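Printed here is run08.txt (compact mmCIF, C-alpha atoms and all ligand atoms):
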```txt
# COMPACT_ATOMS: atom_id res chain seq x y z
CA MET A 1114 0.00 0.00 0.00
CA ILE A 1115 1.01 3.58 -0.70
CA SER A 1116 0.44 5.93 2.25
CA VAL A 1117 0.21 9.59 1.34
CA VAL A 1118 0.72 11.97 4.26
CA ILE A 1119 -0.65 15.50 3.81
CA PRO A 1120 -0.03 18.20 6.47
CA VAL A 1121 -2.72 20.88 6.24
CA HIS A 1122 -3.13 24.20 8.00
CA ASP A 1123 -6.14 26.28 6.87
CA GLU A 1124 -6.54 24.57 3.50
CA GLU A 1125 -10.35 24.11 3.48
CA ARG A 1126 -10.66 24.97 -0.20
CA SER A 1127 -7.91 22.62 -1.31
CA VAL A 1128 -8.31 19.29 0.47
CA ALA A 1129 -11.22 17.87 -1.55
CA VAL A 1130 -9.63 18.94 -4.84
CA LEU A 1131 -6.35 17.38 -3.76
CA TYR A 1132 -8.07 14.11 -2.86
CA GLY A 1133 -9.60 14.03 -6.36
CA GLU A 1134 -6.20 14.61 -7.95
CA LEU A 1135 -4.60 11.92 -5.78
CA GLN A 1136 -7.32 9.46 -6.79
CA ALA A 1137 -6.74 10.30 -10.47
CA ALA A 1138 -2.98 9.79 -10.08
CA LEU A 1139 -2.90 6.75 -7.76
CA GLY A 1140 -6.16 4.97 -8.57
CA PRO A 1141 -4.75 3.46 -11.81
CA LEU A 1142 -1.62 2.08 -10.07
CA ALA A 1143 -1.48 -1.59 -9.05
CA ALA A 1144 -1.06 -0.93 -5.32
CA PRO A 1145 -3.90 0.33 -3.09
CA TRP A 1146 -3.37 3.71 -1.48
CA GLU A 1147 -4.52 5.74 1.52
CA ALA A 1148 -4.58 9.45 2.29
CA VAL A 1149 -3.54 10.42 5.82
CA PHE A 1150 -4.43 14.09 6.30
CA VAL A 1151 -3.04 15.86 9.35
CA ASP A 1152 -4.97 18.96 10.34
CA ASP A 1153 -2.33 21.09 12.02
CA GLY A 1154 -4.57 23.25 14.22
CA SER A 1155 -6.55 24.88 11.40
CA SER A 1156 -8.90 27.71 12.35
CA ASP A 1157 -11.01 27.46 9.18
CA GLY A 1158 -13.29 24.62 8.02
CA THR A 1159 -10.45 22.22 7.08
CA PHE A 1160 -11.37 19.55 9.61
CA GLY A 1161 -15.04 19.62 8.54
CA GLU A 1162 -13.92 19.01 4.96
CA LEU A 1163 -11.74 16.12 6.13
CA ARG A 1164 -14.67 14.60 8.02
CA ARG A 1165 -16.73 14.74 4.84
CA LEU A 1166 -13.97 13.11 2.81
CA HIS A 1167 -13.53 10.41 5.45
CA ALA A 1168 -17.28 9.72 5.42
CA THR A 1169 -17.38 9.24 1.65
CA HIS A 1170 -14.05 7.51 0.92
CA ASP A 1171 -12.75 4.53 2.85
CA ASN A 1172 -9.10 5.27 2.07
CA VAL A 1173 -9.14 8.66 3.81
CA ARG A 1174 -7.94 9.12 7.38
CA ALA A 1175 -7.70 12.35 9.30
CA VAL A 1176 -5.57 13.21 12.31
CA ARG A 1177 -6.28 16.44 14.15
CA LEU A 1178 -3.63 18.18 16.23
CA ARG A 1179 -4.80 20.09 19.29
CA ARG A 1180 -3.16 23.32 18.13
CA ASN A 1181 -0.88 24.52 15.35
CA PHE A 1182 2.46 22.74 15.89
CA GLY A 1183 4.10 23.41 12.52
CA LYS A 1184 4.73 21.24 9.48
CA ALA A 1185 7.45 19.04 11.03
CA ALA A 1186 5.23 17.92 13.90
CA ALA A 1187 2.29 17.45 11.51
CA LEU A 1188 4.37 15.17 9.28
CA SER A 1189 5.58 13.25 12.31
CA ALA A 1190 1.99 12.66 13.48
CA GLY A 1191 1.08 11.45 9.98
CA PHE A 1192 4.06 9.09 9.76
CA ALA A 1193 3.04 7.52 13.08
CA GLU A 1194 -0.39 6.71 11.64
CA CYS A 1195 0.48 5.22 8.26
CA SER A 1196 1.16 1.60 7.49
CA GLY A 1197 2.09 1.62 3.77
CA ASP A 1198 5.14 -0.15 2.27
CA VAL A 1199 5.96 3.20 0.74
CA ILE A 1200 5.23 6.61 2.17
CA VAL A 1201 4.70 9.74 0.11
CA THR A 1202 4.39 13.29 1.43
CA ILE A 1203 2.74 16.11 -0.46
CA ASP A 1204 1.75 19.66 0.51
CA GLY A 1205 -1.96 20.30 0.91
CA ASP A 1206 -2.03 23.61 -0.97
CA LEU A 1207 -2.15 22.12 -4.51
CA GLN A 1208 1.29 23.50 -5.40
CA ASP A 1209 2.75 20.00 -5.64
CA ASP A 1210 1.42 17.90 -8.52
CA PRO A 1211 0.10 14.41 -7.58
CA ALA A 1212 0.75 13.31 -11.17
CA GLU A 1213 4.47 13.24 -10.27
CA ILE A 1214 4.09 10.59 -7.55
CA ALA A 1215 4.39 7.66 -9.97
CA ARG A 1216 7.77 8.99 -11.16
CA LEU A 1217 8.97 9.33 -7.55
CA LEU A 1218 7.96 5.72 -6.87
CA ASP A 1219 9.79 4.50 -10.00
CA LYS A 1220 12.92 6.30 -8.83
CA LEU A 1221 12.57 4.74 -5.35
CA ASP A 1222 12.46 1.33 -7.04
CA GLU A 1223 15.81 2.03 -8.69
CA GLY A 1224 17.24 1.36 -5.21
CA PHE A 1225 16.85 4.53 -3.17
CA ASP A 1226 15.42 4.98 0.32
CA LEU A 1227 14.26 8.57 -0.12
CA VAL A 1228 13.44 10.41 -3.33
CA SER A 1229 13.05 14.14 -2.85
CA GLY A 1230 11.29 16.41 -5.33
CA TRP A 1231 13.08 19.40 -6.83
CA LYS A 1232 10.90 22.37 -7.69
CA GLU A 1233 13.09 23.15 -10.69
CA LYS A 1234 10.71 25.78 -12.06
CA ARG A 1235 9.40 26.97 -8.74
CA GLN A 1236 6.15 28.99 -8.93
CA ASP A 1237 6.80 31.33 -6.01
CA PRO A 1238 7.95 34.97 -5.90
CA LEU A 1239 11.65 35.83 -6.09
CA SER A 1240 11.46 36.94 -2.45
CA ARG A 1241 10.90 33.26 -1.63
CA ARG A 1242 13.14 31.68 -4.26
CA LEU A 1243 16.26 33.67 -3.48
CA PRO A 1244 16.53 32.98 0.28
CA SER A 1245 15.69 29.39 -0.48
CA ARG A 1246 18.65 29.12 -2.89
CA VAL A 1247 20.98 30.47 -0.22
CA PHE A 1248 19.47 28.09 2.32
CA ASN A 1249 19.96 25.05 0.08
CA ALA A 1250 23.54 26.06 -0.75
CA VAL A 1251 24.52 26.64 2.91
CA ALA A 1252 22.76 23.54 4.18
CA GLY A 1253 24.32 21.49 1.36
CA ARG A 1254 27.81 22.77 2.17
CA ILE A 1255 27.47 22.11 5.91
CA SER A 1256 25.74 18.75 5.69
CA GLY A 1257 27.59 17.30 2.71
CA LEU A 1258 24.34 16.38 0.97
CA ARG A 1259 24.20 18.49 -2.17
CA LEU A 1260 20.60 18.79 -3.34
CA HIS A 1261 18.98 21.66 -5.25
CA ASP A 1262 15.89 21.61 -3.07
CA LEU A 1263 15.86 20.12 0.43
CA ASN A 1264 12.42 21.40 1.27
CA CYS A 1265 10.12 20.18 -1.49
CA GLY A 1266 6.81 18.96 -0.03
CA LEU A 1267 6.73 16.07 -2.49
CA LYS A 1268 8.88 13.14 -1.36
CA ALA A 1269 8.75 9.34 -1.40
CA TYR A 1270 10.23 7.16 1.36
CA ARG A 1271 10.82 3.62 2.41
CA PRO A 1272 8.95 3.40 5.74
CA GLU A 1273 12.03 2.71 7.87
CA VAL A 1274 13.47 6.11 6.90
CA VAL A 1275 10.69 8.03 8.64
CA ARG A 1276 10.24 5.64 11.57
CA GLU A 1277 13.36 6.78 13.36
CA MET A 1278 13.28 10.45 12.44
CA PRO A 1279 12.80 13.02 15.23
CA LEU A 1280 10.80 15.83 13.62
CA TYR A 1281 9.90 19.07 15.40
CA GLY A 1282 10.43 22.80 14.93
CA GLU A 1283 11.77 23.45 11.44
CA LEU A 1284 13.41 20.05 11.03
CA HIS A 1285 11.17 19.08 8.11
CA ARG A 1286 13.57 21.17 6.03
CA TYR A 1287 16.35 18.72 6.84
CA ILE A 1288 14.62 15.40 6.25
CA PRO A 1289 16.97 14.43 3.37
CA VAL A 1290 19.98 15.44 5.51
CA LEU A 1291 18.77 13.43 8.52
CA ALA A 1292 18.26 10.41 6.25
CA HIS A 1293 21.67 10.87 4.62
CA TYR A 1294 23.37 10.99 8.05
CA ARG A 1295 21.75 7.66 8.90
CA GLY A 1296 23.19 6.07 5.76
CA TYR A 1297 20.07 5.99 3.63
CA ARG A 1298 20.39 6.48 -0.12
CA VAL A 1299 18.85 9.80 -1.12
CA ALA A 1300 17.98 10.87 -4.68
CA GLU A 1301 16.49 14.02 -6.14
CA LEU A 1302 14.02 14.28 -9.03
CA ALA A 1303 12.80 17.44 -10.81
CA VAL A 1304 9.02 17.78 -10.42
CA ASN A 1305 6.29 20.06 -11.66
CA HIS A 1306 5.34 22.90 -9.27
CA ARG A 1307 2.22 25.05 -9.48
CA PRO A 1308 1.37 28.56 -8.22
CA ARG A 1309 -0.56 28.81 -4.96
CA GLY A 1310 -4.27 29.21 -5.73
CA HIS A 1311 -6.11 29.35 -2.40
CA GLY A 1312 -4.97 30.30 1.06
CA ARG A 1313 -1.58 31.74 1.70
CA SER A 1314 1.83 30.66 2.75
CA ARG A 1315 1.97 31.04 6.49
CA TYR A 1316 5.65 31.60 6.88
CA GLY A 1317 7.40 34.94 7.19
CA MET A 1318 11.11 35.72 7.32
CA GLU A 1319 11.48 34.30 10.83
CA ARG A 1320 11.43 30.86 9.24
CA TYR A 1321 14.97 31.39 7.98
CA LEU A 1322 16.27 32.26 11.42
CA ARG A 1323 14.55 29.24 12.99
CA GLY A 1324 15.67 27.08 10.08
CA PHE A 1325 19.27 28.19 10.51
CA LEU A 1326 19.21 27.49 14.25
CA ASP A 1327 17.90 24.01 13.50
CA LEU A 1328 20.72 23.47 11.01
CA LEU A 1329 23.26 24.27 13.75
N1 LIG B 1 1.40 23.58 6.97
C1 LIG B 1 1.16 22.93 8.18
N2 LIG B 1 1.42 23.59 9.35
C2 LIG B 1 1.89 24.87 9.38
C3 LIG B 1 2.16 25.51 8.12
C4 LIG B 1 1.91 24.84 6.94
O1 LIG B 1 0.72 21.79 8.19
O2 LIG B 1 2.09 25.41 10.47
C5 LIG B 1 1.13 22.87 5.71
C6 LIG B 1 0.38 23.70 4.68
O3 LIG B 1 -1.02 23.61 4.85
C7 LIG B 1 0.83 23.07 3.38
C8 LIG B 1 2.29 22.67 3.70
O4 LIG B 1 2.36 22.56 5.12
O5 LIG B 1 0.09 21.91 3.08
C9 LIG B 1 3.29 23.68 3.16
O6 LIG B 1 2.97 24.95 3.70
P1 LIG B 1 3.12 26.30 2.86
O7 LIG B 1 2.51 26.14 1.51
O8 LIG B 1 2.64 27.40 3.73
O9 LIG B 1 4.70 26.37 2.72
P2 LIG B 1 5.53 26.82 1.44
O10 LIG B 1 5.01 26.03 0.26
O11 LIG B 1 5.23 28.26 1.33
O12 LIG B 1 6.93 26.47 1.83
MG MG B 2 3.16 25.97 -0.57
```
Would you mind giving the structure from this file in structure tokens?
Ligand code: UDP
Ligand code: MG
Amino acid sequence: MISVVIPVHDEERSVAVLYGELQAALGPLAAPWEAVFVDDGSSDGTFGELRRLHATHDNVRAVRLRRNFGKAAALSAGFAECSGDVIVTIDGDLQDDPAEIARLLDKLDEGFDLVSGWKEKRQDPLSRRLPSRVFNAVAGRISGLRLHDLNCGLKAYRPEVVREMPLYGELHRYIPVLAHYRGYRVAELAVNHRPRGHGRSRYGMERYLRGFLDLL
């Protein structure tokens, strides 16, 4: 089974659309799949939407965190709940393209433990792309794992990789690095990226400071 973990914070307008896209992308594959949504303390109608999805589709599960803990903790809660032989993560804001999941899984089958997406043509403003480039360069230099894009929401994993990964704060940015340190084989694959339609990115500039402290 393929477990897809989706952290969501105030994404009420996206979750049902995303489920439809996941079904279109994963339904035709040989393996069954499940969606594990993690509502990270949303203050809009996200959890109500998840309840509706859960009521109408038997491969939908929803975890609700008591308050907003951040993406790393949300992913961690999702990983603890999923039982697939492969685990996929995808952002809940429709910027990542579910149609790319099959390619990630093929790459995993080439003999990797983690395949990380690379938003090669990233659909975000320069004010986001530039700091991110610096971040990836610095983190790559310090960690020894040279990837273009550590922090793509779209990734595929062998389950053991996430089982022993302590994720809190901003550590979701370093998942490939944490896996690399533990000796797992990490690959990167260029994936389609789409502009944000609904909702807004929650993070401000303080993310870079927190992210840098976590790197240290
Ligand atoms: N997210 C979350 N908790 C948060 C912030 C974001 O679960 O505190 C989710 C969000 O709903 C989305 C994903 O994490 O599904 C990526 O967030 P966002 O799009 O804001 O980040 P960006 O793409 O701007 O890096
Ligand atoms: Mg986004």
Original post:
For Val1130 in chain A, which of A:Glu1162, A:Phe1182, A:Val1251, A:Ala1300 is the closest residue, counting only C-alpha atoms?
Top reply: A:Glu1162
**OP:** Could you give me, as number ranges by chain, the residues that have an atom at most 12 Å away from the point (14.2, 26.3, 11.7) in the coordinates of the file, using only C-alpha atoms?
**Re:** A: 1183-1185, 1248, 1252, 1264, 1280-1287, 1316-1329
Can I get the residues of chain A within 7 Å of ligand MG 2 (chain B), each with the closest pair of atoms and their distance in Å to one decimal, using only C-alpha atoms and all ligand atoms, sorted chain first then ascending number, as a Markdown table?
```
| residue | atom | partner | partner_atom | distance |
| --- | --- | --- | --- | --- |
| A:Asp1204 | CA | B:MG2 | MG | 6.6 |
| A:Asp1206 | CA | B:MG2 | MG | 5.7 |
| A:Gln1208 | CA | B:MG2 | MG | 5.7 |
| A:Arg1309 | CA | B:MG2 | MG | 6.4 |
| A:Ser1314 | CA | B:MG2 | MG | 5.9 |
```
Go ahead and dump the residues you just picked, C-alpha atoms, as a tab-separated table (two decimals), keeping the file's coordinate frame.
```tsv
chain	number	residue	atom	x	y	z
A	1204	ASP	CA	1.75	19.66	0.51
A	1206	ASP	CA	-2.03	23.61	-0.97
A	1208	GLN	CA	1.29	23.50	-5.40
A	1309	ARG	CA	-0.56	28.81	-4.96
A	1314	SER	CA	1.83	30.66	2.75
```
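You will find CA of Asp1171 in chain A at 8.4 Å from CA of Glu1147 in chain A.
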Original post:
What residues have any atom no more than 9 Å from ligand LIG 1 (chain B) when counting only C-alpha atoms and all ligand atoms, and can you list them as number ranges by chain?
Top reply: A: 1119-1124, 1151-1155, 1181-1188, 1203-1209, 1237, 1241, 1264-1266, 1309, 1312-1316
Anything within 12 Å of (0.2, -1.6, 10.0): list those residues as a tab-separated table (two decimals) with C-alpha atoms, in the coordinates of the input, counting only C-alpha atoms and sticking to the file's coordinates.
```tsv
chain	number	residue	atom	x	y	z
A	1114	MET	CA	0.00	0.00	0.00
A	1115	ILE	CA	1.01	3.58	-0.70
A	1116	SER	CA	0.44	5.93	2.25
A	1192	PHE	CA	4.06	9.09	9.76
A	1193	ALA	CA	3.04	7.52	13.08
A	1194	GLU	CA	-0.39	6.71	11.64
A	1195	CYS	CA	0.48	5.22	8.26
A	1196	SER	CA	1.16	1.60	7.49
A	1197	GLY	CA	2.09	1.62	3.77
A	1198	ASP	CA	5.14	-0.15	2.27
A	1199	VAL	CA	5.96	3.20	0.74
A	1272	PRO	CA	8.95	3.40	5.74
```
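Closest approach to Arg1298 in chain A among A:Lys1234, A:Arg1165, A:Arg1174, A:Lys1220: A:Lys1220, based on all atoms listed in the file.
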**OP:** Please measure the separation of CA of Leu1302 in chain A and CA of Gly1230 in chain A, giving the value in Å to one decimal.
**Re:** 5.1 Å
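A straight line drawn from CA of Trp1231 in chain A to CA of Thr1202 in chain A is 13.5 Å long.
Checking A:Arg1307, A:Arg1216, A:Arg1254, A:Lys1268 one by one against Ser1229 in chain A, counting all atoms listed in the file, you find the shortest gap at A:Lys1268.
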**OP:** Do a neighbour search on range 1138-1144 of chain A at 10 Å with all atoms listed in the file, toss out local chain neighbours closer than 2 positions, and write the hits as an MDAnalysis selection string.
**Re:** chainID A and resid 1114:1115 1132:1136 1146:1147 1197:1198 1210:1215
Emit a file covering range 1137-1252 of chain A of the preceding structure with C-alpha atoms, as a compact mmCIF listing (two decimals), in the first residue's frame.
```
# COMPACT_ATOMS: atom_id res chain seq x y z
CA ALA A 1137 -6.74 10.30 -10.47
CA ALA A 1138 -2.98 9.79 -10.08
CA LEU A 1139 -2.90 6.75 -7.76
CA GLY A 1140 -6.16 4.97 -8.57
CA PRO A 1141 -4.75 3.46 -11.81
CA LEU A 1142 -1.62 2.08 -10.07
CA ALA A 1143 -1.48 -1.59 -9.05
CA ALA A 1144 -1.06 -0.93 -5.32
CA PRO A 1145 -3.90 0.33 -3.09
CA TRP A 1146 -3.37 3.71 -1.48
CA GLU A 1147 -4.52 5.74 1.52
CA ALA A 1148 -4.58 9.45 2.29
CA VAL A 1149 -3.54 10.42 5.82
CA PHE A 1150 -4.43 14.09 6.30
CA VAL A 1151 -3.04 15.86 9.35
CA ASP A 1152 -4.97 18.96 10.34
CA ASP A 1153 -2.33 21.09 12.02
CA GLY A 1154 -4.57 23.25 14.22
CA SER A 1155 -6.55 24.88 11.40
CA SER A 1156 -8.90 27.71 12.35
CA ASP A 1157 -11.01 27.46 9.18
CA GLY A 1158 -13.29 24.62 8.02
CA THR A 1159 -10.45 22.22 7.08
CA PHE A 1160 -11.37 19.55 9.61
CA GLY A 1161 -15.04 19.62 8.54
CA GLU A 1162 -13.92 19.01 4.96
CA LEU A 1163 -11.74 16.12 6.13
CA ARG A 1164 -14.67 14.60 8.02
CA ARG A 1165 -16.73 14.74 4.84
CA LEU A 1166 -13.97 13.11 2.81
CA HIS A 1167 -13.53 10.41 5.45
CA ALA A 1168 -17.28 9.72 5.42
CA THR A 1169 -17.38 9.24 1.65
CA HIS A 1170 -14.05 7.51 0.92
CA ASP A 1171 -12.75 4.53 2.85
CA ASN A 1172 -9.10 5.27 2.07
CA VAL A 1173 -9.14 8.66 3.81
CA ARG A 1174 -7.94 9.12 7.38
CA ALA A 1175 -7.70 12.35 9.30
CA VAL A 1176 -5.57 13.21 12.31
CA ARG A 1177 -6.28 16.44 14.15
CA LEU A 1178 -3.63 18.18 16.23
CA ARG A 1179 -4.80 20.09 19.29
CA ARG A 1180 -3.16 23.32 18.13
CA ASN A 1181 -0.88 24.52 15.35
CA PHE A 1182 2.46 22.74 15.89
CA GLY A 1183 4.10 23.41 12.52
CA LYS A 1184 4.73 21.24 9.48
CA ALA A 1185 7.45 19.04 11.03
CA ALA A 1186 5.23 17.92 13.90
CA ALA A 1187 2.29 17.45 11.51
CA LEU A 1188 4.37 15.17 9.28
CA SER A 1189 5.58 13.25 12.31
CA ALA A 1190 1.99 12.66 13.48
CA GLY A 1191 1.08 11.45 9.98
CA PHE A 1192 4.06 9.09 9.76
CA ALA A 1193 3.04 7.52 13.08
CA GLU A 1194 -0.39 6.71 11.64
CA CYS A 1195 0.48 5.22 8.26
CA SER A 1196 1.16 1.60 7.49
CA GLY A 1197 2.09 1.62 3.77
CA ASP A 1198 5.14 -0.15 2.27
CA VAL A 1199 5.96 3.20 0.74
CA ILE A 1200 5.23 6.61 2.17
CA VAL A 1201 4.70 9.74 0.11
CA THR A 1202 4.39 13.29 1.43
CA ILE A 1203 2.74 16.11 -0.46
CA ASP A 1204 1.75 19.66 0.51
CA GLY A 1205 -1.96 20.30 0.91
CA ASP A 1206 -2.03 23.61 -0.97
CA LEU A 1207 -2.15 22.12 -4.51
CA GLN A 1208 1.29 23.50 -5.40
CA ASP A 1209 2.75 20.00 -5.64
CA ASP A 1210 1.42 17.90 -8.52
CA PRO A 1211 0.10 14.41 -7.58
CA ALA A 1212 0.75 13.31 -11.17
CA GLU A 1213 4.47 13.24 -10.27
CA ILE A 1214 4.09 10.59 -7.55
CA ALA A 1215 4.39 7.66 -9.97
CA ARG A 1216 7.77 8.99 -11.16
CA LEU A 1217 8.97 9.33 -7.55
CA LEU A 1218 7.96 5.72 -6.87
CA ASP A 1219 9.79 4.50 -10.00
CA LYS A 1220 12.92 6.30 -8.83
CA LEU A 1221 12.57 4.74 -5.35
CA ASP A 1222 12.46 1.33 -7.04
CA GLU A 1223 15.81 2.03 -8.69
CA GLY A 1224 17.24 1.36 -5.21
CA PHE A 1225 16.85 4.53 -3.17
CA ASP A 1226 15.42 4.98 0.32
CA LEU A 1227 14.26 8.57 -0.12
CA VAL A 1228 13.44 10.41 -3.33
CA SER A 1229 13.05 14.14 -2.85
CA GLY A 1230 11.29 16.41 -5.33
CA TRP A 1231 13.08 19.40 -6.83
CA LYS A 1232 10.90 22.37 -7.69
CA GLU A 1233 13.09 23.15 -10.69
CA LYS A 1234 10.71 25.78 -12.06
CA ARG A 1235 9.40 26.97 -8.74
CA GLN A 1236 6.15 28.99 -8.93
CA ASP A 1237 6.80 31.33 -6.01
CA PRO A 1238 7.95 34.97 -5.90
CA LEU A 1239 11.65 35.83 -6.09
CA SER A 1240 11.46 36.94 -2.45
CA ARG A 1241 10.90 33.26 -1.63
CA ARG A 1242 13.14 31.68 -4.26
CA LEU A 1243 16.26 33.67 -3.48
CA PRO A 1244 16.53 32.98 0.28
CA SER A 1245 15.69 29.39 -0.48
CA ARG A 1246 18.65 29.12 -2.89
CA VAL A 1247 20.98 30.47 -0.22
CA PHE A 1248 19.47 28.09 2.32
CA ASN A 1249 19.96 25.05 0.08
CA ALA A 1250 23.54 26.06 -0.75
CA VAL A 1251 24.52 26.64 2.91
CA ALA A 1252 22.76 23.54 4.18
```
